[in-house]
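Undergrad: Below: one structure in structure tokens.
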Amino acid sequence: MVAKRIIACLDVKDGRVVKGVNFVNLRDAGDPVELAAFYDKEKVDELVFLDISASVEGRATMVEVVRQTAAQISIPLTVGGGISSVEDMKRLLRAGADKIGMNTAAIRNPELISEGARKFGSQCIVVAIDAKYNEAWGDWEVYTHGGRSETGIRALDWAKQAEELGAGELLLTSMDADGTKDGFDLKLTRAISEHVGIPVIASGGAGTAEHFYEVFTEGKADAGLAATVFHYKELTVQGVKDVLKQKGVEIR
């Protein structure tokens, strides 16, 4: 079994880390540079930095904040938000990012995934999928612009297409579970994980260490990402890892 990863996420808006429930009612969670340094000491396996308002505001990711954040850590850093060209990717990689996350731009221009993979390697390209259950379809739909815009695209179809275009990893967020602390969306995560051959990072809903165990075993995820419970110290990274070890899950 490939070792599972625990990932912390910094959702950044106007230079501050924020967190909400179901993508709304955001509250301040601190300074991204300070939090990055904290997570590095906590021995989280990876860090994801998402400039959540960049696509909505039609601007590039805050490169200087990324540079300062990267300088504080020795763990892999994925950066996403407002990336719309290979030049944007290059700028962020030079600023210290290890991987590039794409969501809205990849939906608008799927060829961007292929271009990025050709230029920097598939291992560098993470396609973020924000998915919400569509009752009428009986299936999950992809949303863009920080969960504000429906696409009419089925999540399973898009996940497979992203893989075929060259994505090396998928960051799958359940909008239904996001910020609820009721557990990851196991049905969605498992459906996507069994549909693709690349690693799937599960995001949205973490509330207990047990939830990570469930998403790794029942959800078949390769990594579990959390924000709220780590930011407000309701869980510690080491505490989650200790529980997983006790349950026989191989972790980093």
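Numbering starts fresh at 1 for the residues of each chain in the structure tokens, the chains themselves are lettered A, B, ... in the order given, and ligands are numbered from 1 as they appear.
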If you run DSSP on the backbone here, which positions in region 65-167 of chain A get strand (DSSP E)? Please write them as number ranges by chain.
TA: A: 77-80, 99-102, 125-134, 139-144, 149-154
Undergrad: Limited to N, CA, C and O atoms, could you put the picked residues into a file as a CSV table (one decimal), in the first residue's frame?
TA:
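Heads up, here's the output in part13.csv:
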```csv
chain,number,residue,atom,x,y,z
A,77,LEU,N,4.6,22.1,-1.5
A,77,LEU,CA,3.6,23.2,-1.5
A,77,LEU,C,2.8,23.2,-2.8
A,77,LEU,O,3.5,23.3,-3.9
A,78,THR,N,1.5,23.0,-2.8
A,78,THR,CA,0.7,23.2,-4.0
A,78,THR,C,0.0,24.5,-3.9
A,78,THR,O,-0.6,24.9,-2.9
A,79,VAL,N,0.0,25.3,-5.0
A,79,VAL,CA,-0.6,26.6,-5.1
A,79,VAL,C,-1.6,26.6,-6.2
A,79,VAL,O,-1.4,26.2,-7.3
A,80,GLY,N,-2.8,27.2,-5.9
A,80,GLY,CA,-3.9,27.3,-6.9
A,80,GLY,C,-4.6,28.6,-6.7
A,80,GLY,O,-4.5,29.3,-5.6
A,99,LYS,N,3.9,22.3,-6.8
A,99,LYS,CA,2.8,21.8,-7.7
A,99,LYS,C,1.9,23.0,-7.9
A,99,LYS,O,1.7,23.9,-7.1
A,100,ILE,N,1.2,22.9,-9.0
A,100,ILE,CA,0.2,23.9,-9.4
A,100,ILE,C,-1.2,23.3,-9.4
A,100,ILE,O,-1.5,22.3,-10.0
A,101,GLY,N,-2.1,24.0,-8.7
A,101,GLY,CA,-3.5,23.5,-8.7
A,101,GLY,C,-4.3,24.4,-9.6
A,101,GLY,O,-4.2,25.6,-9.6
A,102,MET,N,-5.2,23.7,-10.4
A,102,MET,CA,-6.1,24.4,-11.3
A,102,MET,C,-7.5,23.9,-11.2
A,102,MET,O,-7.7,22.7,-11.0
A,125,ILE,N,1.1,18.9,-11.8
A,125,ILE,CA,-0.2,19.4,-12.2
A,125,ILE,C,-1.3,18.7,-11.3
A,125,ILE,O,-1.6,17.5,-11.4
A,126,VAL,N,-2.0,19.5,-10.5
A,126,VAL,CA,-3.1,19.1,-9.7
A,126,VAL,C,-4.4,19.7,-10.2
A,126,VAL,O,-4.5,21.0,-10.2
A,127,VAL,N,-5.3,18.9,-10.6
A,127,VAL,CA,-6.6,19.5,-11.0
A,127,VAL,C,-7.6,19.4,-9.8
A,127,VAL,O,-7.8,18.4,-9.2
A,128,ALA,N,-8.0,20.6,-9.4
A,128,ALA,CA,-9.0,20.7,-8.3
A,128,ALA,C,-10.4,20.6,-8.8
A,128,ALA,O,-10.8,21.2,-9.7
A,129,ILE,N,-11.2,19.7,-8.1
A,129,ILE,CA,-12.6,19.5,-8.5
A,129,ILE,C,-13.5,19.8,-7.3
A,129,ILE,O,-13.4,19.2,-6.3
A,130,ASP,N,-14.3,20.9,-7.5
A,130,ASP,CA,-15.3,21.2,-6.5
A,130,ASP,C,-16.6,20.6,-6.9
A,130,ASP,O,-17.1,21.0,-8.0
A,131,ALA,N,-17.1,19.6,-6.2
A,131,ALA,CA,-18.3,18.9,-6.7
A,131,ALA,C,-19.4,19.0,-5.6
A,131,ALA,O,-19.2,18.9,-4.4
A,132,LYS,N,-20.6,19.0,-6.2
A,132,LYS,CA,-21.8,19.1,-5.4
A,132,LYS,C,-22.8,18.1,-5.9
A,132,LYS,O,-23.0,18.0,-7.2
A,133,TYR,N,-23.6,17.4,-5.0
A,133,TYR,CA,-24.5,16.5,-5.5
A,133,TYR,C,-25.7,17.2,-6.2
A,133,TYR,O,-26.3,18.1,-5.6
A,134,ASN,N,-26.0,16.7,-7.4
A,134,ASN,CA,-27.2,17.2,-8.2
A,134,ASN,C,-28.3,16.2,-8.1
A,134,ASN,O,-28.3,15.2,-8.6
A,139,ASP,N,-26.3,12.4,-9.4
A,139,ASP,CA,-24.8,12.4,-9.7
A,139,ASP,C,-24.2,13.7,-9.2
A,139,ASP,O,-24.9,14.7,-8.9
A,140,TRP,N,-22.9,13.8,-9.2
A,140,TRP,CA,-22.2,15.0,-8.8
A,140,TRP,C,-21.8,15.9,-9.9
A,140,TRP,O,-21.4,15.5,-11.0
A,141,GLU,N,-22.0,17.2,-9.7
A,141,GLU,CA,-21.7,18.2,-10.7
A,141,GLU,C,-20.5,19.1,-10.3
A,141,GLU,O,-20.3,19.4,-9.1
A,142,VAL,N,-19.7,19.5,-11.3
A,142,VAL,CA,-18.5,20.3,-11.0
A,142,VAL,C,-18.9,21.8,-11.0
A,142,VAL,O,-19.7,22.2,-11.8
A,143,TYR,N,-18.3,22.5,-10.0
A,143,TYR,CA,-18.5,23.9,-9.9
A,143,TYR,C,-17.2,24.7,-10.0
A,143,TYR,O,-16.2,24.1,-9.7
A,144,THR,N,-17.3,25.9,-10.5
A,144,THR,CA,-16.1,26.7,-10.6
A,144,THR,C,-16.2,28.0,-9.9
A,144,THR,O,-17.2,28.2,-9.2
A,149,SER,N,-20.2,28.9,-9.5
A,149,SER,CA,-20.7,28.7,-10.8
A,149,SER,C,-20.9,27.2,-11.2
A,149,SER,O,-20.0,26.4,-11.1
A,150,GLU,N,-22.1,26.9,-11.6
A,150,GLU,CA,-22.4,25.5,-12.1
A,150,GLU,C,-21.8,25.3,-13.5
A,150,GLU,O,-21.7,26.3,-14.2
A,151,THR,N,-21.4,24.1,-13.8
A,151,THR,CA,-20.8,23.9,-15.1
A,151,THR,C,-21.6,23.0,-16.0
A,151,THR,O,-21.4,22.9,-17.2
A,152,GLY,N,-22.5,22.2,-15.4
A,152,GLY,CA,-23.2,21.2,-16.2
A,152,GLY,C,-22.4,20.0,-16.5
A,152,GLY,O,-22.8,19.2,-17.3
A,153,ILE,N,-21.2,19.9,-15.9
A,153,ILE,CA,-20.3,18.8,-16.1
A,153,ILE,C,-20.3,17.8,-15.0
A,153,ILE,O,-20.3,18.2,-13.8
A,154,ARG,N,-20.4,16.5,-15.3
A,154,ARG,CA,-20.4,15.5,-14.2
A,154,ARG,C,-19.0,15.3,-13.7
A,154,ARG,O,-18.0,15.2,-14.5
```
Undergrad: Run DSSP on the backbone and tell me which residues of region 6-248 of chain A come out as alpha helix (DSSP H); list them as a VMD selection string.
TA: chain A and resid 32 to 41 54 to 57 63 to 71 86 to 95 104 to 108 111 to 120 155 to 165 186 to 193 209 to 217 228 to 231 237 to 246
Undergrad: Counting only C-alpha atoms, which of A:Val86, A:Val249, A:Ala221, A:Ala71 gets nearest to Val196 (chain A)?
TA: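 Checking each of A:Val86, A:Val249, A:Ala221, A:Ala71 against Val196 (chain A), counting only C-alpha atoms, the winner is A:Ala221.
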Undergrad: Kindly give the distance, in Å, that separates CA of Ala226 (chain A) and CA of Asp88 (chain A), rounded to a single decimal.
TA: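 Atom-to-atom, CA of Ala226 (chain A) and CA of Asp88 (chain A) are spaced 25.9 Å apart.
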Undergrad: Of the candidates A:His195, A:Gly207, A:Arg94, A:Glu34, which one gets nearest to Leu156 (chain A) if we count only C-alpha atoms?
TA: A:His195
Undergrad: For region 44-119 of chain A against region 1-15 of chain A, with a cut-off of 8 Å and counting only C-alpha atoms, what is the closest atom pair and its distance in Å to one decimal for every residue that makes the cut, ordered by chain and number, as a tab-separated table?
TA:
```
residue	atom	partner	partner_atom	distance
A:Val44	CA	A:Ile6	CA	6.0
A:Asp45	CA	A:Ile6	CA	5.5
A:Glu46	CA	A:Ile7	CA	4.9
A:Leu47	CA	A:Ala8	CA	5.1
A:Val48	CA	A:Cys9	CA	4.7
A:Phe49	CA	A:Leu10	CA	4.8
A:Leu50	CA	A:Asp11	CA	4.9
A:Asp51	CA	A:Val12	CA	4.8
A:Ile52	CA	A:Val12	CA	5.9
A:Ser53	CA	A:Lys13	CA	5.9
A:Met62	CA	A:Gly15	CA	8.0
A:Val65	CA	A:Gly15	CA	7.3
```
Undergrad: Give me, please, the distance in Å between CA of Ala202 (chain A) and CA of Ala117 (chain A), quoted to one decimal.
TA: 21.8 Å
Undergrad: Compare A:Gln161, A:Gln246, A:Ser193, A:Thr208 by their minimum atom-to-atom distance to Lys233 (chain A), counting only C-alpha atoms, and give me the closest one.
TA: A:Thr208
Undergrad: Need to verify the contact set: Phe212 (chain A), 9 Å, only C-alpha atoms, exclusion of same-chain residues closer than 6 positions in sequence. Can you return it as a list in words?
TA: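 Listed by chain and then number, they are Ile6, Gly183, Phe184, Ala206, Ala223, Gly224, Leu225, Val240 and Leu244 of chain A.
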Undergrad: Pick the closest to Thr180 (chain A) from A:Ile192, A:Ala136, A:Ile201, A:Val229: which is it, counting only C-alpha atoms?
TA: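 Among the listed residues, the smallest separation from Thr180 (chain A) belongs to A:Val229.
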